[in-house]
Amino acid sequence: MKKLLLIFFTLFISSAFAADEPKTLPIGSAAPDFSLPGVDGKTYTLESFKNAKVLVIIFMCNHCPTSQAYEGRVKKLTIDYASKGVSVVAINPNNPSSLRLDELGYSDVGDSFDEMKIRAKDKSFNFPYLYDGTTEVTSRKFGPVCTPHVFIFDKDRKLRYEGRVDDTENPAKTPHSLDARNAIDAILDGKPVLVTDTKVFGCSIKWAEKSVWIEKAKVQWAKEPVNLDSIDDKGIKELLKNTSDKLRLINVWATWCGPCVEEFPEFVTMNHMYRDRGFEFVSISADDPSRKGQALKFLQREEASGPNYIFTTDDKYKLIEAVDPKWEGALPYTILVEPGGKVVYAHQGIIDPEELKKIIFNDPMIGRIYKE
C-alpha cells in the first residue's frame, strides 16, 4: 500500500510540474518585452536593442554542462555578426532555490545572480548576460524548454526561429547543421527561414516550483549514516597516499575550534556537489579521544556522511607530521590530494569556499564534460 501511495505521489508531482511548464513562444509571435538586470550593472529591456536588425535571445545558465559547451560558440556568434547589426543577449531563467547541490557537480558556481557575474568574468562573455531567476516573468513568456534554447527575432521583432544553436553538443566536433546561423543569415538576406524550429537538448529549466526536489534531497541526505572511526598517524599517511581513484579532500578540525565549526558546512556542501564525480571528503577530528561522543554528535548534526576519523593519540605533533610536515599546526587545516598522493592544495586556517570549489572543479579529475 505504501509503495502504491509513493508511486501515486510521484506521478502527481511529475504531472503537476508538467502542467506548469510554460508553452514555447510560437513562430510569428511578437518579442515579449522585459526588464532584467545584467551582470554589468545595467538594466536591459527590449528597447535596449531597438537598433538591431536581428535580435538573438539565448536562454542559458551556469551549471548546465550543455550550456557550458555552447558558451564559446555564443561568444563567436556575437563577434561574427556584430558588424551586421545582430545583437545577442543571454538570459538565465533558473531559480537558484530549485537547483539541487548534486546538480552542481559539473560546475564551480551555481545559477544565482552573483555567481553569474563570476562566470561572465571568468569566461569573458562579450554579450549581455541577464538574470530572470527571481520572478521568471520573462522566461515564462518565452517558454524555453532547456538550456540552451535560442529565440531569433527579425527587425520587426517577430519570432522567426526557435530551437538549438546547432546539432552538435561537443565543441570539439564540427556541427552538421548550423541552425541558428542559418536563420540569422536568411533574415539578414530578406529570405524565408527554411527551418523555423527544432528540438533542443540540455538541462531542464529550474522553475521555482521545482524547489520541492530540494527538500526531497535534504530528507534523503539526512537519512545517510554518519560514523566516526579511529585513526593513527600511520593510517593518516595511508590516506595521504590516496590509492583510490578519487580526488580526496581532507579537513582536520576540532569541536573546540571556532573557525573549524564555522566552515565545516562548506565541506558537506562540496561533498554533495562532487561526490558522484570521483570526489570524496574526509574529516579528521583533532579532539581528544575522550571527546569522541561530542565529535560524533557534531558530525551527525552536520550530516557529514563521508569517511570521518578521530586521531587516537595525545601526541598531536604526530598528527601534524602525518598530514603535512609543512603544516605549522594551527586548526583548521585542509588538504586536497589527487590519486597517487599528489597534493594540489594545502591551507592552514579557514578556507575561501569559492576558491576551493574552483580548484576542485578545475582539477583534471573533475572539470567540464567538454573542454574549451
# chains A, B, ... in the order shown; residues from 1 in each chain; ligands from 1
$ residues_around --residues "Phe142 in chain A" --least-positions-apart "6" --cutoff "12 Å" --atoms "only C-alpha atoms" --output "JSON, numbers by chain"
{"A": [21, 22, 23, 24, 25, 26, 27, 29, 30, 31, 32, 33, 34, 57, 58, 59, 91, 93, 132, 136, 149, 150, 151, 152, 159, 162, 163]}
$ select_by_dssp --residues "range 86-279 of chain A" --states "strand (DSSP E or B)" --output "number ranges by chain"
A: 86-92, 129-131, 146-147, 149-153, 158-163, 197, 203-204, 229-231, 247-253, 279
$ select_by_dssp --residues "range 76-272 of chain A" --states "alpha helix (DSSP H)" --output "ChimeraX atom specification"
/A:76-82,113-122,137-142,179-188,212-222,233-241,258-272
$ residues_around --residues "Val200 in chain A" --least-positions-apart "5" --cutoff "9 Å" --atoms "only C-alpha atoms" --output "PyMOL selection string"
chain A and resi 145-150+163-165+167
$ write_last_selection --atoms "C-alpha atoms" --output "compact mmCIF listing (two decimals), in the first residue's frame"
# COMPACT_ATOMS: atom_id res chain seq x y z
CA VAL A 145 12.44 24.03 -22.75
CA CYS A 146 16.03 23.72 -21.57
CA THR A 147 19.40 25.44 -21.56
CA PRO A 148 20.47 26.46 -24.12
CA HIS A 149 17.36 27.45 -26.12
CA VAL A 150 17.57 30.12 -28.85
CA GLY A 163 15.41 25.89 -31.10
CA ARG A 164 19.01 24.77 -30.88
CA VAL A 165 22.21 26.64 -31.71
CA ASP A 167 23.18 19.92 -33.78
$ residues_around --residues "range 260-265 of chain A" --least-positions-apart "6" --cutoff "9 Å" --atoms "only C-alpha atoms" --output "VMD selection string"
chain A and resid 251 to 254 298 302 to 304 331 to 333 349 to 351 353
$ write_last_selection --atoms "N, CA and C atoms" --output "PDB file, in the first residue's frame"
ATOM      1  N   ASN A 251      40.022  17.431   5.715  1.00  0.00           N
ATOM      2  CA  ASN A 251      39.957  18.576   6.618  1.00  0.00           C
ATOM      3  C   ASN A 251      40.227  18.116   8.047  1.00  0.00           C
ATOM      4  N   VAL A 252      41.186  18.760   8.704  1.00  0.00           N
ATOM      5  CA  VAL A 252      41.493  18.486  10.106  1.00  0.00           C
ATOM      6  C   VAL A 252      40.829  19.567  10.941  1.00  0.00           C
ATOM      7  N   TRP A 253      40.033  19.158  11.906  1.00  0.00           N
ATOM      8  CA  TRP A 253      39.191  20.096  12.644  1.00  0.00           C
ATOM      9  C   TRP A 253      39.055  19.635  14.095  1.00  0.00           C
ATOM     10  N   ALA A 254      38.350  20.439  14.897  1.00  0.00           N
ATOM     11  CA  ALA A 254      38.040  20.059  16.278  1.00  0.00           C
ATOM     12  C   ALA A 254      36.779  20.798  16.714  1.00  0.00           C
ATOM     13  N   PHE A 298      28.473  16.285  16.617  1.00  0.00           N
ATOM     14  CA  PHE A 298      28.654  17.413  15.691  1.00  0.00           C
ATOM     15  C   PHE A 298      28.548  16.934  14.244  1.00  0.00           C
ATOM     16  N   GLU A 302      25.785  17.922  11.329  1.00  0.00           N
ATOM     17  CA  GLU A 302      26.179  18.490  10.040  1.00  0.00           C
ATOM     18  C   GLU A 302      25.895  17.546   8.872  1.00  0.00           C
ATOM     19  N   GLU A 303      25.425  16.327   9.197  1.00  0.00           N
ATOM     20  CA  GLU A 303      25.110  15.319   8.179  1.00  0.00           C
ATOM     21  C   GLU A 303      26.329  14.994   7.317  1.00  0.00           C
ATOM     22  N   ALA A 304      27.464  14.821   7.983  1.00  0.00           N
ATOM     23  CA  ALA A 304      28.723  14.505   7.313  1.00  0.00           C
ATOM     24  C   ALA A 304      28.815  12.990   7.129  1.00  0.00           C
ATOM     25  N   LEU A 331      44.724  25.006  13.596  1.00  0.00           N
ATOM     26  CA  LEU A 331      43.478  24.499  13.013  1.00  0.00           C
ATOM     27  C   LEU A 331      42.604  25.649  12.529  1.00  0.00           C
ATOM     28  N   PRO A 332      41.793  25.364  11.497  1.00  0.00           N
ATOM     29  CA  PRO A 332      41.673  24.124  10.737  1.00  0.00           C
ATOM     30  C   PRO A 332      42.783  24.004   9.690  1.00  0.00           C
ATOM     31  N   TYR A 333      42.936  22.792   9.164  1.00  0.00           N
ATOM     32  CA  TYR A 333      43.898  22.560   8.092  1.00  0.00           C
ATOM     33  C   TYR A 333      43.225  21.709   7.026  1.00  0.00           C
ATOM     34  N   GLY A 349      44.095  27.414   8.261  1.00  0.00           N
ATOM     35  CA  GLY A 349      43.116  28.457   8.544  1.00  0.00           C
ATOM     36  C   GLY A 349      41.840  28.229   7.754  1.00  0.00           C
ATOM     37  N   ILE A 350      40.890  29.135   7.934  1.00  0.00           N
ATOM     38  CA  ILE A 350      39.591  28.987   7.298  1.00  0.00           C
ATOM     39  C   ILE A 350      39.725  29.146   5.786  1.00  0.00           C
ATOM     40  N   ILE A 351      39.003  28.334   5.037  1.00  0.00           N
ATOM     41  CA  ILE A 351      39.120  28.331   3.581  1.00  0.00           C
ATOM     42  C   ILE A 351      38.293  29.437   2.939  1.00  0.00           C
ATOM     43  N   PRO A 353      35.661  29.252   0.317  1.00  0.00           N
ATOM     44  CA  PRO A 353      34.900  28.178  -0.337  1.00  0.00           C
ATOM     45  C   PRO A 353      34.856  28.292  -1.854  1.00  0.00           C
TER      46      PRO A 353
END
$ closest_residue --among "A:Tyr317, A:Phe279, A:Trp256, A:Trp213" --to "Lys357 in chain A" --atoms "only C-alpha atoms"
A:Phe279
$ residues_around --residues "range 203-211 of chain A" --least-positions-apart "4" --cutoff "12 Å" --atoms "only C-alpha atoms" --output "PDB file with N, CA and C atoms, in the first residue's frame"
ATOM      1  N   ILE A  13       3.138  14.634  -8.546  1.00  0.00           N
ATOM      2  CA  ILE A  13       4.089  15.747  -8.564  1.00  0.00           C
ATOM      3  C   ILE A  13       4.619  15.980  -9.965  1.00  0.00           C
ATOM      4  N   SER A  14       4.967  14.882 -10.662  1.00  0.00           N
ATOM      5  CA  SER A  14       5.516  14.997 -12.009  1.00  0.00           C
ATOM      6  C   SER A  14       4.505  15.632 -12.958  1.00  0.00           C
ATOM      7  N   ALA A  16       2.045  17.560 -12.108  1.00  0.00           N
ATOM      8  CA  ALA A  16       1.851  18.959 -11.705  1.00  0.00           C
ATOM      9  C   ALA A  16       2.934  19.839 -12.298  1.00  0.00           C
ATOM     10  N   PHE A  17       4.185  19.348 -12.282  1.00  0.00           N
ATOM     11  CA  PHE A  17       5.290  20.106 -12.868  1.00  0.00           C
ATOM     12  C   PHE A  17       5.069  20.263 -14.370  1.00  0.00           C
ATOM     13  N   ALA A  18       4.660  19.161 -15.017  1.00  0.00           N
ATOM     14  CA  ALA A  18       4.456  19.205 -16.462  1.00  0.00           C
ATOM     15  C   ALA A  18       3.376  20.217 -16.818  1.00  0.00           C
ATOM     16  N   ALA A  19       2.311  20.280 -15.986  1.00  0.00           N
ATOM     17  CA  ALA A  19       1.215  21.211 -16.249  1.00  0.00           C
ATOM     18  C   ALA A  19       1.672  22.650 -16.108  1.00  0.00           C
ATOM     19  N   ASP A  20       2.649  22.896 -15.256  1.00  0.00           N
ATOM     20  CA  ASP A  20       3.128  24.251 -15.021  1.00  0.00           C
ATOM     21  C   ASP A  20       4.193  24.697 -16.018  1.00  0.00           C
ATOM     22  N   GLU A  21       4.677  23.770 -16.856  1.00  0.00           N
ATOM     23  CA  GLU A  21       5.688  24.138 -17.834  1.00  0.00           C
ATOM     24  C   GLU A  21       5.077  25.126 -18.829  1.00  0.00           C
ATOM     25  N   PRO A  22       5.657  26.300 -19.003  1.00  0.00           N
ATOM     26  CA  PRO A  22       5.081  27.270 -19.939  1.00  0.00           C
ATOM     27  C   PRO A  22       5.236  26.804 -21.380  1.00  0.00           C
ATOM     28  N   PHE A  59      18.520  31.457 -23.944  1.00  0.00           N
ATOM     29  CA  PHE A  59      18.353  31.083 -22.540  1.00  0.00           C
ATOM     30  C   PHE A  59      19.443  30.071 -22.193  1.00  0.00           C
ATOM     31  N   MET A  60      20.301  30.468 -21.263  1.00  0.00           N
ATOM     32  CA  MET A  60      21.421  29.633 -20.857  1.00  0.00           C
ATOM     33  C   MET A  60      21.683  29.847 -19.376  1.00  0.00           C
ATOM     34  N   CYS A  61      22.592  29.086 -18.802  1.00  0.00           N
ATOM     35  CA  CYS A  61      22.846  29.193 -17.371  1.00  0.00           C
ATOM     36  C   CYS A  61      24.271  28.776 -17.058  1.00  0.00           C
ATOM     37  N   ASN A  62      24.621  28.810 -15.780  1.00  0.00           N
ATOM     38  CA  ASN A  62      25.988  28.468 -15.362  1.00  0.00           C
ATOM     39  C   ASN A  62      26.209  26.975 -15.213  1.00  0.00           C
ATOM     40  N   HIS A  63      25.286  26.275 -14.540  1.00  0.00           N
ATOM     41  CA  HIS A  63      25.576  24.927 -14.059  1.00  0.00           C
ATOM     42  C   HIS A  63      25.463  23.843 -15.126  1.00  0.00           C
ATOM     43  N   CYS A  64      24.680  24.058 -16.156  1.00  0.00           N
ATOM     44  CA  CYS A  64      24.362  23.019 -17.134  1.00  0.00           C
ATOM     45  C   CYS A  64      25.559  22.719 -18.040  1.00  0.00           C
ATOM     46  N   PRO A  65      25.998  21.463 -18.121  1.00  0.00           N
ATOM     47  CA  PRO A  65      27.136  21.108 -18.989  1.00  0.00           C
ATOM     48  C   PRO A  65      26.901  21.454 -20.463  1.00  0.00           C
ATOM     49  N   THR A  66      25.668  21.282 -20.935  1.00  0.00           N
ATOM     50  CA  THR A  66      25.373  21.598 -22.336  1.00  0.00           C
ATOM     51  C   THR A  66      25.450  23.095 -22.573  1.00  0.00           C
ATOM     52  N   SER A  67      24.918  23.862 -21.633  1.00  0.00           N
ATOM     53  CA  SER A  67      25.016  25.318 -21.739  1.00  0.00           C
ATOM     54  C   SER A  67      26.482  25.754 -21.737  1.00  0.00           C
ATOM     55  N   GLN A  68      27.275  25.156 -20.873  1.00  0.00           N
ATOM     56  CA  GLN A  68      28.706  25.455 -20.836  1.00  0.00           C
ATOM     57  C   GLN A  68      29.372  25.132 -22.171  1.00  0.00           C
ATOM     58  N   ALA A  69      28.944  24.040 -22.784  1.00  0.00           N
ATOM     59  CA  ALA A  69      29.546  23.608 -24.045  1.00  0.00           C
ATOM     60  C   ALA A  69      29.325  24.616 -25.163  1.00  0.00           C
ATOM     61  N   ILE A  91      19.882  35.058 -21.328  1.00  0.00           N
ATOM     62  CA  ILE A  91      19.060  35.177 -20.129  1.00  0.00           C
ATOM     63  C   ILE A  91      19.153  33.871 -19.344  1.00  0.00           C
ATOM     64  N   ASN A  92      19.445  33.985 -18.056  1.00  0.00           N
ATOM     65  CA  ASN A  92      19.430  32.823 -17.166  1.00  0.00           C
ATOM     66  C   ASN A  92      18.041  32.726 -16.529  1.00  0.00           C
ATOM     67  N   PRO A  93      17.270  31.670 -16.870  1.00  0.00           N
ATOM     68  CA  PRO A  93      15.903  31.555 -16.355  1.00  0.00           C
ATOM     69  C   PRO A  93      15.798  30.801 -15.037  1.00  0.00           C
ATOM     70  N   ASN A  94      16.890  30.243 -14.554  1.00  0.00           N
ATOM     71  CA  ASN A  94      16.824  29.299 -13.431  1.00  0.00           C
ATOM     72  C   ASN A  94      16.678  29.972 -12.079  1.00  0.00           C
ATOM     73  N   ASN A  95      15.778  29.427 -11.260  1.00  0.00           N
ATOM     74  CA  ASN A  95      15.646  29.860  -9.878  1.00  0.00           C
ATOM     75  C   ASN A  95      16.642  29.073  -9.029  1.00  0.00           C
ATOM     76  N   PRO A  96      17.623  29.739  -8.404  1.00  0.00           N
ATOM     77  CA  PRO A  96      18.660  29.019  -7.651  1.00  0.00           C
ATOM     78  C   PRO A  96      18.115  28.123  -6.549  1.00  0.00           C
ATOM     79  N   SER A  97      16.941  28.468  -6.018  1.00  0.00           N
ATOM     80  CA  SER A  97      16.372  27.671  -4.933  1.00  0.00           C
ATOM     81  C   SER A  97      15.850  26.320  -5.416  1.00  0.00           C
ATOM     82  N   SER A  98      15.798  26.122  -6.724  1.00  0.00           N
ATOM     83  CA  SER A  98      15.327  24.855  -7.284  1.00  0.00           C
ATOM     84  C   SER A  98      16.466  24.006  -7.826  1.00  0.00           C
ATOM     85  N   LEU A  99      17.683  24.397  -7.539  1.00  0.00           N
ATOM     86  CA  LEU A  99      18.851  23.690  -8.052  1.00  0.00           C
ATOM     87  C   LEU A  99      19.487  22.868  -6.943  1.00  0.00           C
ATOM     88  N   ARG A 100      19.428  21.537  -7.071  1.00  0.00           N
ATOM     89  CA  ARG A 100      19.997  20.646  -6.064  1.00  0.00           C
ATOM     90  C   ARG A 100      21.519  20.709  -6.096  1.00  0.00           C
ATOM     91  N   LEU A 101      22.126  20.479  -4.923  1.00  0.00           N
ATOM     92  CA  LEU A 101      23.585  20.500  -4.848  1.00  0.00           C
ATOM     93  C   LEU A 101      24.216  19.453  -5.760  1.00  0.00           C
ATOM     94  N   GLU A 103      23.234  18.582  -8.536  1.00  0.00           N
ATOM     95  CA  GLU A 103      23.166  19.051  -9.923  1.00  0.00           C
ATOM     96  C   GLU A 103      24.306  20.014 -10.241  1.00  0.00           C
ATOM     97  N   LEU A 104      25.028  20.425  -9.207  1.00  0.00           N
ATOM     98  CA  LEU A 104      26.133  21.368  -9.389  1.00  0.00           C
ATOM     99  C   LEU A 104      27.475  20.666  -9.566  1.00  0.00           C
ATOM    100  N   TYR A 106      28.875  19.571 -12.064  1.00  0.00           N
ATOM    101  CA  TYR A 106      29.572  19.896 -13.301  1.00  0.00           C
ATOM    102  C   TYR A 106      29.856  21.395 -13.411  1.00  0.00           C
ATOM    103  N   GLY A 110      26.962  28.195  -8.986  1.00  0.00           N
ATOM    104  CA  GLY A 110      25.552  27.925  -9.209  1.00  0.00           C
ATOM    105  C   GLY A 110      24.947  28.935 -10.158  1.00  0.00           C
ATOM    106  N   ASP A 111      23.632  29.116 -10.067  1.00  0.00           N
ATOM    107  CA  ASP A 111      22.917  29.978 -11.010  1.00  0.00           C
ATOM    108  C   ASP A 111      22.381  31.263 -10.392  1.00  0.00           C
ATOM    109  N   SER A 112      22.917  31.668  -9.246  1.00  0.00           N
ATOM    110  CA  SER A 112      22.495  32.937  -8.648  1.00  0.00           C
ATOM    111  C   SER A 112      23.060  34.101  -9.463  1.00  0.00           C
ATOM    112  N   ASP A 132      16.893  36.228 -14.659  1.00  0.00           N
ATOM    113  CA  ASP A 132      15.441  36.186 -14.505  1.00  0.00           C
ATOM    114  C   ASP A 132      15.016  35.107 -13.511  1.00  0.00           C
ATOM    115  N   GLY A 133      15.955  34.671 -12.666  1.00  0.00           N
ATOM    116  CA  GLY A 133      15.669  33.554 -11.775  1.00  0.00           C
ATOM    117  C   GLY A 133      14.765  33.869 -10.610  1.00  0.00           C
ATOM    118  N   THR A 134      14.603  35.142 -10.273  1.00  0.00           N
ATOM    119  CA  THR A 134      13.781  35.502  -9.115  1.00  0.00           C
ATOM    120  C   THR A 134      12.295  35.503  -9.444  1.00  0.00           C
ATOM    121  N   THR A 135      11.915  36.195 -10.516  1.00  0.00           N
ATOM    122  CA  THR A 135      10.497  36.307 -10.861  1.00  0.00           C
ATOM    123  C   THR A 135      10.075  35.335 -11.959  1.00  0.00           C
ATOM    124  N   GLU A 136      10.965  35.026 -12.881  1.00  0.00           N
ATOM    125  CA  GLU A 136      10.712  34.128 -14.026  1.00  0.00           C
ATOM    126  C   GLU A 136       9.648  34.683 -14.977  1.00  0.00           C
ATOM    127  N   VAL A 137       9.276  35.935 -14.833  1.00  0.00           N
ATOM    128  CA  VAL A 137       8.207  36.509 -15.657  1.00  0.00           C
ATOM    129  C   VAL A 137       8.586  36.472 -17.131  1.00  0.00           C
ATOM    130  N   SER A 139      11.008  34.684 -18.657  1.00  0.00           N
ATOM    131  CA  SER A 139      11.249  33.319 -19.138  1.00  0.00           C
ATOM    132  C   SER A 139       9.948  32.592 -19.434  1.00  0.00           C
ATOM    133  N   ARG A 140       8.940  32.798 -18.617  1.00  0.00           N
ATOM    134  CA  ARG A 140       7.659  32.132 -18.834  1.00  0.00           C
ATOM    135  C   ARG A 140       6.957  32.663 -20.078  1.00  0.00           C
ATOM    136  N   GLY A 143       9.034  30.680 -22.750  1.00  0.00           N
ATOM    137  CA  GLY A 143       8.835  29.242 -22.628  1.00  0.00           C
ATOM    138  C   GLY A 143       9.994  28.387 -23.105  1.00  0.00           C
ATOM    139  N   PRO A 144      11.216  28.683 -22.669  1.00  0.00           N
ATOM    140  CA  PRO A 144      12.332  27.810 -23.056  1.00  0.00           C
ATOM    141  C   PRO A 144      12.146  26.425 -22.458  1.00  0.00           C
ATOM    142  N   VAL A 145      12.574  25.409 -23.201  1.00  0.00           N
ATOM    143  CA  VAL A 145      12.441  24.031 -22.748  1.00  0.00           C
ATOM    144  C   VAL A 145      13.631  23.615 -21.895  1.00  0.00           C
ATOM    145  N   CYS A 146      14.811  24.088 -22.278  1.00  0.00           N
ATOM    146  CA  CYS A 146      16.029  23.717 -21.572  1.00  0.00           C
ATOM    147  C   CYS A 146      17.088  24.769 -21.850  1.00  0.00           C
ATOM    148  N   THR A 147      18.268  24.561 -21.268  1.00  0.00           N
ATOM    149  CA  THR A 147      19.402  25.440 -21.563  1.00  0.00           C
ATOM    150  C   THR A 147      20.457  24.652 -22.328  1.00  0.00           C
ATOM    151  N   PRO A 148      20.886  25.190 -23.499  1.00  0.00           N
ATOM    152  CA  PRO A 148      20.472  26.455 -24.116  1.00  0.00           C
ATOM    153  C   PRO A 148      19.246  26.287 -25.025  1.00  0.00           C
ATOM    154  N   HIS A 149      18.500  27.392 -25.213  1.00  0.00           N
ATOM    155  CA  HIS A 149      17.356  27.453 -26.120  1.00  0.00           C
ATOM    156  C   HIS A 149      17.382  28.837 -26.762  1.00  0.00           C
ATOM    157  N   GLU A 215      13.940  19.827  -1.093  1.00  0.00           N
ATOM    158  CA  GLU A 215      13.528  19.276   0.191  1.00  0.00           C
ATOM    159  C   GLU A 215      13.611  17.751   0.185  1.00  0.00           C
ATOM    160  N   LYS A 216      13.281  17.160  -0.936  1.00  0.00           N
ATOM    161  CA  LYS A 216      13.372  15.710  -1.050  1.00  0.00           C
ATOM    162  C   LYS A 216      14.819  15.253  -0.888  1.00  0.00           C
ATOM    163  N   ALA A 217      15.743  15.999  -1.503  1.00  0.00           N
ATOM    164  CA  ALA A 217      17.168  15.653  -1.392  1.00  0.00           C
ATOM    165  C   ALA A 217      17.643  15.778   0.049  1.00  0.00           C
ATOM    166  N   LYS A 218      17.196  16.822   0.733  1.00  0.00           N
ATOM    167  CA  LYS A 218      17.610  17.033   2.121  1.00  0.00           C
ATOM    168  C   LYS A 218      17.146  15.884   3.011  1.00  0.00           C
TER     169      LYS A 218
END
$ atom_distance --atom1 "CA of Trp221 in chain A" --atom2 "CA of Gly105 in chain A"
15.9 Å
$ residues_around --residues "Lys50 in chain A" --least-positions-apart "3" --cutoff "10 Å" --atoms "only C-alpha atoms" --output "ChimeraX atom specification"
/A:45-47,53-55,87,155-157
